[in-house]
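Raw model27.txt, compact mmCIF, C-alpha atoms:
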# COMPACT_ATOMS: atom_id res chain seq x y z
CA MET A 1 34.20 -52.86 -27.03
CA SER A 2 32.61 -50.65 -29.60
CA VAL A 3 33.74 -50.52 -33.19
CA LEU A 4 36.65 -48.18 -33.82
CA MET A 5 35.25 -44.82 -34.83
CA ALA A 6 35.94 -43.35 -38.26
CA PRO A 7 38.09 -40.17 -38.30
CA PRO A 8 35.98 -37.52 -36.60
CA ARG A 9 34.21 -35.01 -38.79
CA LEU A 10 33.16 -31.46 -38.21
CA THR A 11 29.57 -31.59 -36.94
CA VAL A 12 28.84 -27.90 -37.46
CA PRO A 13 29.76 -26.85 -41.01
CA VAL A 14 31.29 -23.46 -41.72
CA SER A 15 28.56 -20.89 -42.14
CA GLU A 16 27.84 -17.19 -41.85
CA ARG A 17 28.23 -17.38 -38.09
CA ASP A 18 31.93 -18.14 -38.52
CA HIS A 19 34.88 -15.80 -38.78
CA VAL A 20 36.25 -16.61 -42.19
CA VAL A 21 39.12 -15.47 -44.40
CA GLY A 22 39.17 -16.52 -48.05
CA PRO A 23 36.59 -17.07 -50.75
CA GLN A 24 33.59 -19.32 -50.21
CA THR A 25 34.45 -21.03 -53.49
CA ALA A 26 37.93 -22.06 -52.31
CA PRO A 27 38.58 -25.79 -52.87
CA VAL A 28 39.97 -26.16 -49.37
CA THR A 29 38.42 -25.06 -46.10
CA ILE A 30 40.42 -25.30 -42.89
CA VAL A 31 38.76 -24.82 -39.52
CA GLU A 32 40.97 -24.32 -36.50
CA TYR A 33 39.78 -24.84 -32.94
CA GLY A 34 42.15 -22.87 -30.76
CA ASP A 35 42.83 -21.47 -27.32
CA TYR A 36 44.45 -18.03 -27.16
CA GLU A 37 46.54 -18.94 -24.13
CA CYS A 38 47.73 -22.30 -25.45
CA PRO A 39 51.42 -22.17 -26.44
CA PHE A 40 50.91 -24.76 -29.18
CA CYS A 41 48.23 -22.58 -30.74
CA GLY A 42 50.59 -19.64 -30.48
CA ALA A 43 53.19 -21.68 -32.34
CA ALA A 44 50.62 -22.66 -34.98
CA HIS A 45 49.55 -19.05 -35.58
CA PRO A 46 52.42 -18.07 -37.94
CA VAL A 47 52.06 -21.45 -39.64
CA VAL A 48 48.45 -20.60 -40.49
CA LYS A 49 49.62 -17.27 -41.86
CA ALA A 50 52.21 -19.02 -44.03
CA LEU A 51 49.58 -21.48 -45.19
CA GLN A 52 47.28 -18.63 -46.21
CA LYS A 53 50.11 -16.99 -48.09
CA ALA A 54 51.07 -20.22 -49.86
CA LEU A 55 47.55 -21.14 -50.88
CA GLY A 56 46.02 -17.74 -51.57
CA ASP A 57 42.49 -17.98 -52.92
CA ASN A 58 42.59 -21.75 -52.77
CA LEU A 59 42.10 -21.59 -49.03
CA ARG A 60 39.19 -20.54 -46.85
CA PHE A 61 40.18 -20.39 -43.18
CA ALA A 62 37.84 -20.26 -40.19
CA TYR A 63 38.71 -19.97 -36.51
CA ARG A 64 36.61 -21.25 -33.59
CA HIS A 65 37.21 -20.99 -29.86
CA PHE A 66 38.18 -23.92 -27.69
CA PRO A 67 39.39 -22.35 -24.44
CA LEU A 68 40.64 -24.79 -21.79
CA SER A 69 39.72 -22.28 -19.15
CA GLN A 70 40.71 -24.31 -16.09
CA ILE A 71 44.35 -24.57 -17.14
CA HIS A 72 44.43 -21.30 -19.08
CA PRO A 73 42.70 -18.77 -16.86
CA HIS A 74 42.81 -15.95 -19.45
CA SER A 75 41.74 -17.97 -22.46
CA PHE A 76 38.00 -17.57 -22.13
CA GLN A 77 38.02 -13.83 -21.70
CA ALA A 78 40.50 -13.47 -24.55
CA ALA A 79 38.04 -15.35 -26.77
CA GLU A 80 35.24 -13.06 -25.60
CA ALA A 81 37.47 -10.09 -26.44
CA ALA A 82 38.07 -11.35 -29.98
CA GLU A 83 34.32 -11.69 -30.40
CA ALA A 84 33.70 -8.25 -28.94
CA ALA A 85 36.17 -6.83 -31.45
CA GLY A 86 34.41 -8.88 -34.09
CA ALA A 87 31.16 -7.11 -33.23
CA GLN A 88 32.99 -4.00 -34.47
CA ASP A 89 34.40 -5.74 -37.55
CA ARG A 90 37.87 -6.14 -36.05
CA PHE A 91 37.89 -9.84 -35.27
CA TRP A 92 41.01 -10.83 -37.22
CA GLN A 93 43.02 -7.79 -36.14
CA MET A 94 42.25 -8.61 -32.50
CA HIS A 95 42.85 -12.33 -33.10
CA ASP A 96 46.36 -11.57 -34.40
CA MET A 97 47.06 -9.13 -31.59
CA ILE A 98 46.09 -11.68 -28.95
CA PHE A 99 48.16 -14.48 -30.46
CA GLU A 100 51.14 -12.16 -30.76
CA HIS A 101 50.86 -11.24 -27.08
CA GLN A 102 49.90 -14.57 -25.55
CA ASN A 103 51.71 -13.98 -22.29
CA ARG A 104 49.85 -10.80 -21.43
CA LEU A 105 46.11 -11.36 -21.57
CA GLY A 106 44.76 -9.53 -18.54
CA THR A 107 41.73 -7.27 -18.92
CA GLN A 108 43.89 -4.13 -19.17
CA ASP A 109 46.02 -5.76 -21.84
CA LEU A 110 42.95 -6.71 -23.85
CA LEU A 111 41.68 -3.14 -23.66
CA ALA A 112 45.04 -1.86 -24.91
CA TYR A 113 45.05 -4.32 -27.83
CA ALA A 114 41.47 -3.41 -28.71
CA SER A 115 42.40 0.23 -28.74
CA ALA A 116 45.47 -0.47 -30.88
CA VAL A 117 43.40 -2.21 -33.57
CA GLY A 118 40.86 0.60 -33.69
CA VAL A 119 38.05 -0.84 -31.61
CA GLU A 120 35.79 1.64 -29.88
CA LEU A 121 36.54 1.02 -26.23
CA GLU A 122 33.31 1.82 -24.45
CA PRO A 123 31.07 -0.79 -26.09
CA PHE A 124 33.99 -3.24 -26.11
CA ALA A 125 34.53 -2.95 -22.36
CA GLU A 126 30.80 -3.24 -21.79
CA ASP A 127 30.63 -6.41 -23.89
CA LEU A 128 33.40 -7.91 -21.77
CA ALA A 129 31.88 -6.88 -18.46
CA GLU A 130 28.44 -8.20 -19.43
CA HIS A 131 29.91 -11.36 -21.00
CA ARG A 132 27.78 -10.70 -24.08
CA HIS A 133 29.81 -13.03 -26.26
CA ALA A 134 30.26 -15.84 -23.73
CA PRO A 135 27.39 -17.91 -25.21
CA ARG A 136 29.06 -17.75 -28.61
CA VAL A 137 32.38 -18.93 -27.17
CA ARG A 138 30.64 -21.80 -25.38
CA GLU A 139 28.82 -22.68 -28.59
CA ASP A 140 32.15 -22.98 -30.39
CA PHE A 141 33.53 -25.11 -27.57
CA LEU A 142 30.53 -27.45 -27.64
CA SER A 143 30.67 -27.86 -31.42
CA GLY A 144 34.34 -28.74 -30.98
CA VAL A 145 33.66 -31.38 -28.34
CA ARG A 146 31.00 -32.95 -30.55
CA SER A 147 33.38 -32.96 -33.51
CA GLY A 148 36.20 -34.76 -31.72
CA VAL A 149 38.32 -31.80 -30.67
CA ASN A 150 40.35 -33.24 -27.80
CA GLY A 151 42.98 -30.58 -27.38
CA THR A 152 44.33 -27.51 -29.07
CA PRO A 153 45.03 -26.65 -31.74
CA THR A 154 42.82 -28.99 -33.76
CA PHE A 155 42.44 -28.49 -37.50
CA PHE A 156 39.75 -29.81 -39.82
CA VAL A 157 40.60 -29.96 -43.51
CA ASN A 158 37.42 -30.00 -45.58
CA GLY A 159 35.51 -31.26 -42.58
CA VAL A 160 37.85 -34.11 -41.62
CA ARG A 161 40.00 -33.87 -38.51
CA HIS A 162 43.67 -33.53 -39.32
CA ASP A 163 45.52 -35.90 -37.00
CA GLY A 164 49.04 -35.10 -38.22
CA GLY A 165 51.35 -32.36 -37.04
CA TYR A 166 50.64 -28.65 -37.43
CA ASP A 167 53.88 -27.57 -39.02
CA LEU A 168 53.59 -26.09 -42.51
CA GLU A 169 54.76 -29.27 -44.22
CA SER A 170 52.15 -31.53 -42.56
CA LEU A 171 49.29 -29.10 -43.13
CA LEU A 172 50.25 -28.52 -46.76
CA GLY A 173 50.40 -32.28 -47.21
CA ALA A 174 46.88 -32.64 -45.84
CA VAL A 175 45.66 -29.77 -48.00
CA ARG A 176 47.12 -31.24 -51.21
CA GLN A 177 44.98 -34.34 -50.75
CA HIS A 178 41.96 -32.10 -51.16
CA MET A 179 43.09 -30.08 -54.17
CA MET B 1 47.21 -65.58 -12.41
CA ALA B 2 43.67 -64.58 -11.64
CA ASP B 3 41.06 -64.83 -14.33
CA TYR B 4 41.08 -61.43 -15.98
CA PRO B 5 39.26 -60.59 -19.22
CA ASP B 6 41.72 -60.16 -22.09
CA ARG B 7 39.74 -57.32 -23.64
CA ALA B 8 37.69 -54.44 -22.30
CA LEU B 9 34.35 -55.43 -20.79
CA GLU B 10 31.49 -54.76 -23.16
CA ALA B 11 28.05 -53.19 -22.91
CA GLY B 12 25.61 -55.29 -20.91
CA THR B 13 28.23 -56.52 -18.43
CA PRO B 14 27.70 -55.66 -14.75
CA ALA B 15 30.63 -53.45 -13.76
CA PRO B 16 33.06 -55.16 -11.34
CA ASP B 17 33.09 -53.53 -7.93
CA PHE B 18 36.19 -51.75 -6.65
CA GLN B 19 37.54 -49.87 -3.66
CA LEU B 20 40.19 -47.32 -4.54
CA LYS B 21 41.75 -44.32 -2.87
CA ALA B 22 40.38 -41.00 -4.11
CA THR B 23 42.64 -39.08 -1.73
CA PRO B 24 45.46 -40.29 0.52
CA ASP B 25 42.88 -41.08 3.23
CA GLN B 26 39.57 -41.56 1.44
CA TRP B 27 38.29 -44.67 -0.32
CA VAL B 28 35.67 -44.74 -3.05
CA GLY B 29 33.75 -47.66 -4.54
CA LEU B 30 31.06 -48.38 -7.09
CA GLU B 31 28.43 -48.13 -4.32
CA ASP B 32 29.20 -44.43 -3.94
CA PHE B 33 27.92 -43.77 -7.46
CA ARG B 34 24.73 -45.83 -7.47
CA ARG B 35 21.63 -43.96 -8.65
CA LYS B 36 23.82 -42.01 -11.05
CA ALA B 37 25.45 -42.67 -14.35
CA LEU B 38 29.19 -43.07 -13.95
CA ILE B 39 31.95 -42.50 -16.48
CA MET B 40 35.11 -44.47 -15.70
CA ALA B 41 38.07 -43.10 -17.63
CA PHE B 42 41.19 -45.28 -17.34
CA TYR B 43 44.36 -43.58 -18.55
CA PRO B 44 48.07 -44.46 -18.54
CA ALA B 45 49.61 -41.75 -16.38
CA ASP B 46 49.30 -38.35 -14.76
CA TRP B 47 51.27 -35.43 -16.22
CA SER B 48 50.83 -35.91 -19.95
CA PRO B 49 51.32 -32.74 -22.07
CA VAL B 50 48.77 -30.20 -21.04
CA CYS B 51 46.91 -28.90 -24.10
CA THR B 52 46.02 -32.37 -25.29
CA ASP B 53 45.48 -33.87 -21.86
CA GLN B 54 42.42 -36.10 -21.64
CA MET B 55 41.66 -35.27 -17.98
CA SER B 56 41.90 -31.52 -18.63
CA LEU B 57 39.40 -31.91 -21.45
CA TYR B 58 36.95 -33.80 -19.21
CA ASN B 59 37.41 -31.06 -16.63
CA GLU B 60 36.10 -28.54 -19.18
CA VAL B 61 33.28 -30.82 -20.34
CA LEU B 62 32.26 -31.62 -16.74
CA PRO B 63 29.16 -29.37 -16.78
CA MET B 64 27.89 -31.27 -19.82
CA PHE B 65 28.39 -34.60 -18.06
CA HIS B 66 26.48 -33.25 -15.08
CA GLU B 67 23.64 -32.15 -17.34
CA TYR B 68 23.17 -35.84 -18.11
CA GLY B 69 23.26 -36.63 -14.39
CA ALA B 70 26.60 -38.37 -14.77
CA GLU B 71 29.70 -38.33 -12.60
CA ILE B 72 33.19 -39.07 -13.84
CA VAL B 73 36.28 -40.61 -12.28
CA GLY B 74 39.75 -40.87 -13.77
CA ILE B 75 41.73 -44.02 -12.92
CA SER B 76 45.43 -44.72 -13.35
CA VAL B 77 48.11 -46.68 -11.50
CA ASP B 78 49.58 -43.49 -10.05
CA SER B 79 49.47 -43.15 -6.27
CA ALA B 80 46.98 -41.01 -4.37
CA TRP B 81 49.72 -38.46 -3.62
CA CYS B 82 50.67 -38.16 -7.26
CA HIS B 83 46.99 -37.76 -8.18
CA ALA B 84 46.59 -35.06 -5.53
CA ALA B 85 49.46 -33.03 -6.97
CA PHE B 86 48.27 -33.55 -10.55
CA ALA B 87 44.64 -32.65 -9.75
CA GLN B 88 45.72 -29.53 -7.90
CA HIS B 89 48.02 -28.44 -10.70
CA ARG B 90 45.39 -28.93 -13.41
CA LYS B 91 42.53 -27.69 -11.19
CA LEU B 92 40.55 -30.87 -11.77
CA HIS B 93 37.06 -30.91 -10.28
CA PHE B 94 36.45 -34.65 -10.30
CA PRO B 95 38.11 -37.54 -8.46
CA LEU B 96 41.18 -39.40 -9.68
CA LEU B 97 41.35 -42.92 -8.29
CA ALA B 98 44.62 -44.67 -7.50
CA ASP B 99 44.76 -48.21 -8.90
CA PHE B 100 48.05 -48.49 -7.10
CA GLU B 101 48.05 -51.54 -4.79
CA PRO B 102 47.78 -54.23 -5.99
CA LYS B 103 48.96 -52.38 -9.04
CA GLY B 104 46.41 -52.15 -11.84
CA GLU B 105 44.06 -54.66 -10.20
CA VAL B 106 40.89 -52.77 -11.15
CA ALA B 107 42.13 -52.02 -14.66
CA LYS B 108 42.82 -55.74 -15.06
CA ARG B 109 39.30 -56.64 -13.93
CA TYR B 110 37.87 -54.29 -16.56
CA GLY B 111 40.17 -55.66 -19.25
CA ALA B 112 41.85 -52.28 -19.40
CA TYR B 113 45.45 -53.07 -18.43
CA GLU B 114 48.48 -52.82 -20.68
CA TYR B 115 50.75 -55.56 -19.36
CA GLU B 116 53.85 -54.64 -21.35
CA GLU B 117 53.84 -51.04 -20.15
CA GLY B 118 52.48 -51.71 -16.68
CA VAL B 119 49.81 -49.01 -16.95
CA ALA B 120 46.09 -48.71 -17.61
CA ARG B 121 45.01 -48.40 -21.22
CA ARG B 122 42.96 -45.43 -22.43
CA ALA B 123 39.68 -47.24 -21.80
CA LEU B 124 36.32 -45.60 -21.25
CA PHE B 125 33.30 -47.19 -19.57
CA VAL B 126 29.90 -45.59 -19.14
CA LEU B 127 27.81 -47.24 -16.40
CA ASP B 128 24.10 -46.75 -15.79
CA ALA B 129 22.57 -46.07 -12.39
CA GLU B 130 22.40 -49.80 -11.67
CA GLY B 131 26.09 -50.35 -12.30
CA VAL B 132 25.75 -52.02 -15.69
CA ILE B 133 28.21 -51.07 -18.42
CA ARG B 134 26.29 -49.42 -21.24
CA TRP B 135 29.21 -48.39 -23.46
CA SER B 136 32.94 -48.99 -23.57
CA TYR B 137 35.75 -47.93 -25.81
CA VAL B 138 39.51 -48.37 -25.93
CA SER B 139 41.64 -45.75 -27.60
CA PRO B 140 45.19 -46.35 -28.88
CA MET B 141 47.71 -45.51 -26.15
CA GLY B 142 48.84 -42.15 -27.52
CA VAL B 143 45.43 -40.96 -28.68
CA ASN B 144 43.14 -38.88 -26.52
CA PRO B 145 39.69 -40.46 -27.05
CA GLY B 146 37.97 -37.16 -26.32
CA ALA B 147 34.46 -36.71 -24.95
CA GLU B 148 32.23 -37.18 -27.98
CA GLY B 149 31.77 -40.95 -27.53
CA ILE B 150 30.87 -40.48 -23.86
CA LEU B 151 28.33 -37.75 -24.64
CA ALA B 152 26.76 -39.86 -27.39
CA ALA B 153 26.47 -42.79 -24.95
CA LEU B 154 24.90 -40.60 -22.25
CA GLU B 155 22.47 -39.23 -24.82
CA GLN B 156 21.44 -42.72 -25.82
CA MET B 157 21.00 -43.73 -22.19
CA GLN B 158 18.68 -40.82 -21.66
CA GLU B 159 16.53 -42.11 -24.51
CA GLN B 160 16.68 -45.64 -23.10
CA PRO B 161 16.87 -45.22 -19.35
CA VAL B 162 17.62 -48.01 -16.89
CA GLY B 163 14.93 -50.68 -16.71
CA ALA B 164 13.32 -49.72 -20.01
CA SER B 165 14.52 -52.95 -21.58
CA ARG B 166 13.10 -55.17 -18.85
For the structure just supplied, provide its representation as structure tokens.
Amino acid sequence: MSVLMAPPRLTVPVSERDHVVGPQTAPVTIVEYGDYECPFCGAAHPVVKALQKALGDNLRFAYRHFPLSQIHPHSFQAAEAAEAAGAQDRFWQMHDMIFEHQNRLGTQDLLAYASAVGVELEPFAEDLAEHRHAPRVREDFLSGVRSGVNGTPTFFVNGVRHDGGYDLESLLGAVRQHM
Amino acid sequence: MADYPDRALEAGTPAPDFQLKATPDQWVGLEDFRRKALIMAFYPADWSPVCTDQMSLYNEVLPMFHEYGAEIVGISVDSAWCHAAFAQHRKLHFPLLADFEPKGEVAKRYGAYEYEEGVARRALFVLDAEGVIRWSYVSPMGVNPGAEGILAALEQMQEQPVGASR
């Protein structure tokens, strides 16, 4: 039997490729690996918002895709859609829209959400049809697997996997250890 | 009681042979995976919560396992019928083997049985093409061990293929 592994660490550090909210100089960086169709991620979404509100400029938050596409048939395309909106500088607006409408993630729904957040539809639809952002989504997934993401949501606090709960109390507790 | 190892078999040990049902009418054994690397993932039970389910994760990582020329099987004490329903529900694309009768016999031979609970432990074994265990790991019962350890082991095996040490 091999030696018990140390708590998994993020293998791909947060960089310019990531979607990030908060200052680079923030003392705490949280990375979430999530799946847009996962109900637990949906439940964690308002918690992240509350965390951002509570911590303000002390927190930098990044989101990466970890779609379990076999059990969540819409999750991969939803991730592509967030990226396609991101190509038009609307990643976070689309991200919120998708999490707030988790139960309706068909192609037509995604187009409607894109339109609602001010995304230009023609290039957006083309991106989806051509799967232009699929490699990026797979890249996120792979970096998650190699970092010890075993399910969703998984949070890393300053590069260390957070193995506790993802209610506000638990996450704040983990954050305080880094401040 | 038969002579079972009291802890998971370690790297360098020839993997014990087995014959288990992969479907209600199909048997599978170690022989069926010769010439390939094989990942044996013992787990306690079908139907654990979905978003953190170990088998669902392996289902997503399956193409990466294949890139290393490896196959994977899941093994629990659930029956072939239970496995069939579980695999269909989760759309699993790899076999689940039923260590059902005598219950847990194969898990016991690999040192991967939890006697108090009467289920397999979360034990992972990576076998090379000659059926020798090259890596093993046991995760605490409630903790999904993930895929990283398996991928690291497969990577290492690619650098040191079978026979290189002879």
Item to check | Distance filter 10 Å, all atoms listed in the file, chain A against chain B, as a ChimeraX atom specification | outcome: /A:1-5,8,35,37-41,66-72,141-142,144-154,163
Quick one: write out the picked residues with C-alpha atoms as a PDB file, in the coordinates of the input?
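Dumped everything to result.pdb:
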ATOM      1  CA  MET A   1      34.200 -52.860 -27.030  1.00  0.00           C
ATOM      2  CA  SER A   2      32.610 -50.650 -29.600  1.00  0.00           C
ATOM      3  CA  VAL A   3      33.740 -50.520 -33.190  1.00  0.00           C
ATOM      4  CA  LEU A   4      36.650 -48.180 -33.820  1.00  0.00           C
ATOM      5  CA  MET A   5      35.250 -44.820 -34.830  1.00  0.00           C
ATOM      6  CA  PRO A   8      35.980 -37.520 -36.600  1.00  0.00           C
ATOM      7  CA  ASP A  35      42.830 -21.470 -27.320  1.00  0.00           C
ATOM      8  CA  GLU A  37      46.540 -18.940 -24.130  1.00  0.00           C
ATOM      9  CA  CYS A  38      47.730 -22.300 -25.450  1.00  0.00           C
ATOM     10  CA  PRO A  39      51.420 -22.170 -26.440  1.00  0.00           C
ATOM     11  CA  PHE A  40      50.910 -24.760 -29.180  1.00  0.00           C
ATOM     12  CA  CYS A  41      48.230 -22.580 -30.740  1.00  0.00           C
ATOM     13  CA  PHE A  66      38.180 -23.920 -27.690  1.00  0.00           C
ATOM     14  CA  PRO A  67      39.390 -22.350 -24.440  1.00  0.00           C
ATOM     15  CA  LEU A  68      40.640 -24.790 -21.790  1.00  0.00           C
ATOM     16  CA  SER A  69      39.720 -22.280 -19.150  1.00  0.00           C
ATOM     17  CA  GLN A  70      40.710 -24.310 -16.090  1.00  0.00           C
ATOM     18  CA  ILE A  71      44.350 -24.570 -17.140  1.00  0.00           C
ATOM     19  CA  HIS A  72      44.430 -21.300 -19.080  1.00  0.00           C
ATOM     20  CA  PHE A 141      33.530 -25.110 -27.570  1.00  0.00           C
ATOM     21  CA  LEU A 142      30.530 -27.450 -27.640  1.00  0.00           C
ATOM     22  CA  GLY A 144      34.340 -28.740 -30.980  1.00  0.00           C
ATOM     23  CA  VAL A 145      33.660 -31.380 -28.340  1.00  0.00           C
ATOM     24  CA  ARG A 146      31.000 -32.950 -30.550  1.00  0.00           C
ATOM     25  CA  SER A 147      33.380 -32.960 -33.510  1.00  0.00           C
ATOM     26  CA  GLY A 148      36.200 -34.760 -31.720  1.00  0.00           C
ATOM     27  CA  VAL A 149      38.320 -31.800 -30.670  1.00  0.00           C
ATOM     28  CA  ASN A 150      40.350 -33.240 -27.800  1.00  0.00           C
ATOM     29  CA  GLY A 151      42.980 -30.580 -27.380  1.00  0.00           C
ATOM     30  CA  THR A 152      44.330 -27.510 -29.070  1.00  0.00           C
ATOM     31  CA  PRO A 153      45.030 -26.650 -31.740  1.00  0.00           C
ATOM     32  CA  THR A 154      42.820 -28.990 -33.760  1.00  0.00           C
ATOM     33  CA  ASP A 163      45.520 -35.900 -37.000  1.00  0.00           C
TER      34      ASP A 163
END
Next on the checklist: I'd like the interatomic distance between atom CA of B:Arg109 and atom CA of B:Gln160, to a tenth of an Å.
Outcome noted: 26.8 Å
Next on the checklist: Neighbouring residues of stretch 111-119 of chain B were defined as those with any atom within 9 Å, considering all atoms listed in the file; residues of the same chain fewer than 2 positions away were excluded. Please report them as a PyMOL selection string.
Outcome noted: chain B and resi 4-9+42-45+76-78+103-109+121-124+138
Next on the checklist: Give me the residues near B:Ala37 as number ranges by chain, where near means some atom within 10 Å (using only C-alpha atoms) and where sequence neighbours in that chain fewer than 6 positions away do not count.
Outcome noted: B: 65-66, 68-72, 126-134, 154, 157, 162
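Here the question is which of A:Gly56, A:Gly165, A:Pro73, A:Gly118 gets nearest to A:Ala85 using only C-alpha atoms, and that residue is A:Gly118.
Between atom CA of B:Phe94 and atom CA of B:Gln158 lies a distance of 22.0 Å.
With atom CA of A:His178 on one side and atom CA of A:Ala62 on the other, the separation reads 16.7 Å.
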Next on the checklist: Report as a list in words all protein, DNA and RNA residues lying within 10 Å of B:Trp27, evaluated on only C-alpha atoms, omitting residues in the same chain fewer than 5 positions from it.
Outcome noted: Phe18, Gln19, Leu20, Lys21, Ala22, Asp32, Leu97 and Ala98 of chain B
Item to check | Residue contacts of A:Tyr36 (7 Å, all atoms listed in the file) excluding same-chain residues fewer than 2 positions away, as number ranges by chain | outcome: A: 34, 38, 41, 75, 78-79, 98-99, 102
Saved selection, atoms kept: C-alpha atoms, as a compact mmCIF listing (two decimals), in the frame of the given file:
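To be explicit, this is the file written out as part_20.txt:
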# COMPACT_ATOMS: atom_id res chain seq x y z
CA GLY A 34 42.15 -22.87 -30.76
CA CYS A 38 47.73 -22.30 -25.45
CA CYS A 41 48.23 -22.58 -30.74
CA SER A 75 41.74 -17.97 -22.46
CA ALA A 78 40.50 -13.47 -24.55
CA ALA A 79 38.04 -15.35 -26.77
CA ILE A 98 46.09 -11.68 -28.95
CA PHE A 99 48.16 -14.48 -30.46
CA GLN A 102 49.90 -14.57 -25.55
Write out as JSON lines the residues of stretch 73-173 of chain A that have any atom within 12 Å of an atom of stretch 18-28 of chain A, one row each with the nearest atom pair and its distance in Å to one decimal, counting all atoms listed in the file, sorted by chain and then rising number.
{"residue": "A:Ala82", "atom": "CA", "partner": "A:His19", "partner_atom": "CA", "distance": 10.4}
{"residue": "A:Glu83", "atom": "CA", "partner": "A:His19", "partner_atom": "CA", "distance": 9.4}
{"residue": "A:Ala85", "atom": "CA", "partner": "A:His19", "partner_atom": "CA", "distance": 11.7}
{"residue": "A:Gly86", "atom": "CA", "partner": "A:His19", "partner_atom": "CA", "distance": 8.4}
{"residue": "A:Ala87", "atom": "CA", "partner": "A:His19", "partner_atom": "CA", "distance": 11.0}
{"residue": "A:Asp89", "atom": "CA", "partner": "A:His19", "partner_atom": "CA", "distance": 10.1}
{"residue": "A:Arg90", "atom": "CA", "partner": "A:His19", "partner_atom": "CA", "distance": 10.5}
{"residue": "A:Phe91", "atom": "CA", "partner": "A:His19", "partner_atom": "CA", "distance": 7.5}
{"residue": "A:Trp92", "atom": "CA", "partner": "A:His19", "partner_atom": "CA", "distance": 8.0}
{"residue": "A:Gln93", "atom": "CA", "partner": "A:His19", "partner_atom": "CA", "distance": 11.7}
{"residue": "A:His95", "atom": "CA", "partner": "A:His19", "partner_atom": "CA", "distance": 10.4}
{"residue": "A:Arg136", "atom": "CA", "partner": "A:Asp18", "partner_atom": "CA", "distance": 10.3}
{"residue": "A:Val137", "atom": "CA", "partner": "A:Asp18", "partner_atom": "CA", "distance": 11.4}
{"residue": "A:Glu139", "atom": "CA", "partner": "A:Asp18", "partner_atom": "CA", "distance": 11.4}
{"residue": "A:Asp140", "atom": "CA", "partner": "A:Asp18", "partner_atom": "CA", "distance": 9.5}
{"residue": "A:Phe156", "atom": "CA", "partner": "A:Val28", "partner_atom": "CA", "distance": 10.2}
{"residue": "A:Val157", "atom": "CA", "partner": "A:Val28", "partner_atom": "CA", "distance": 7.0}
{"residue": "A:Asn158", "atom": "CA", "partner": "A:Val28", "partner_atom": "CA", "distance": 6.0}
{"residue": "A:Gly159", "atom": "CA", "partner": "A:Val28", "partner_atom": "CA", "distance": 9.6}
{"residue": "A:Val160", "atom": "CA", "partner": "A:Val28", "partner_atom": "CA", "distance": 11.3}
{"residue": "A:Leu171", "atom": "CA", "partner": "A:Val28", "partner_atom": "CA", "distance": 11.6}
{"residue": "A:Leu172", "atom": "CA", "partner": "A:Val28", "partner_atom": "CA", "distance": 10.9}
Let me have the centre and edge lengths of the axis-aligned box enclosing all listed atoms of stretch 20-39 of chain B with 8 Å padding on every side, in Å to one decimal, as lines of an AutoDock Vina configuration file.
center_x = 33.5
center_y = -43.7
center_z = -6.6
size_x = 39.8
size_y = 25.3
size_z = 35.7
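Here the residues that fall within 10 Å of (47.2, -39.0, -3.2), using only C-alpha atoms, are given as Lys21, Ala22, Thr23, Pro24, Asp25, Gln26, Asp78, Ser79, Ala80, Trp81, Cys82, His83, Ala84, Ala85, Phe86, Ala87, Leu96, Leu97 and Ala98 of chain B.
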Restore N, CA and C atoms in stretch 60-69 of chain A and list the result as an mmCIF file, in the frame of the given file.
data_model
loop_
_atom_site.group_PDB
_atom_site.id
_atom_site.type_symbol
_atom_site.label_atom_id
_atom_site.label_comp_id
_atom_site.auth_asym_id
_atom_site.auth_seq_id
_atom_site.Cartn_x
_atom_site.Cartn_y
_atom_site.Cartn_z
ATOM 1 N N ARG A 60 40.100 -21.285 -47.719
ATOM 2 C CA ARG A 60 39.190 -20.540 -46.850
ATOM 3 C C ARG A 60 39.517 -21.012 -45.429
ATOM 4 N N PHE A 61 39.775 -20.049 -44.547
ATOM 5 C CA PHE A 61 40.180 -20.390 -43.180
ATOM 6 C C PHE A 61 39.174 -19.842 -42.171
ATOM 7 N N ALA A 62 38.755 -20.690 -41.251
ATOM 8 C CA ALA A 62 37.840 -20.260 -40.190
ATOM 9 C C ALA A 62 38.427 -20.609 -38.832
ATOM 10 N N TYR A 63 38.196 -19.739 -37.862
ATOM 11 C CA TYR A 63 38.710 -19.970 -36.510
ATOM 12 C C TYR A 63 37.558 -20.063 -35.510
ATOM 13 N N ARG A 64 37.606 -21.095 -34.669
ATOM 14 C CA ARG A 64 36.610 -21.250 -33.590
ATOM 15 C C ARG A 64 37.317 -21.397 -32.251
ATOM 16 N N HIS A 65 36.606 -21.020 -31.201
ATOM 17 C CA HIS A 65 37.210 -20.990 -29.860
ATOM 18 C C HIS A 65 37.098 -22.323 -29.139
ATOM 19 N N PHE A 66 38.190 -22.719 -28.531
ATOM 20 C CA PHE A 66 38.180 -23.920 -27.690
ATOM 21 C C PHE A 66 39.020 -23.655 -26.442
ATOM 22 N N PRO A 67 38.583 -22.716 -25.604
ATOM 23 C CA PRO A 67 39.390 -22.350 -24.440
ATOM 24 C C PRO A 67 39.358 -23.424 -23.353
ATOM 25 N N LEU A 68 40.545 -23.884 -22.940
ATOM 26 C CA LEU A 68 40.640 -24.790 -21.790
ATOM 27 C C LEU A 68 40.805 -23.879 -20.568
ATOM 28 N N SER A 69 39.672 -23.406 -20.077
ATOM 29 C CA SER A 69 39.720 -22.280 -19.150
ATOM 30 C C SER A 69 40.234 -22.642 -17.756
#
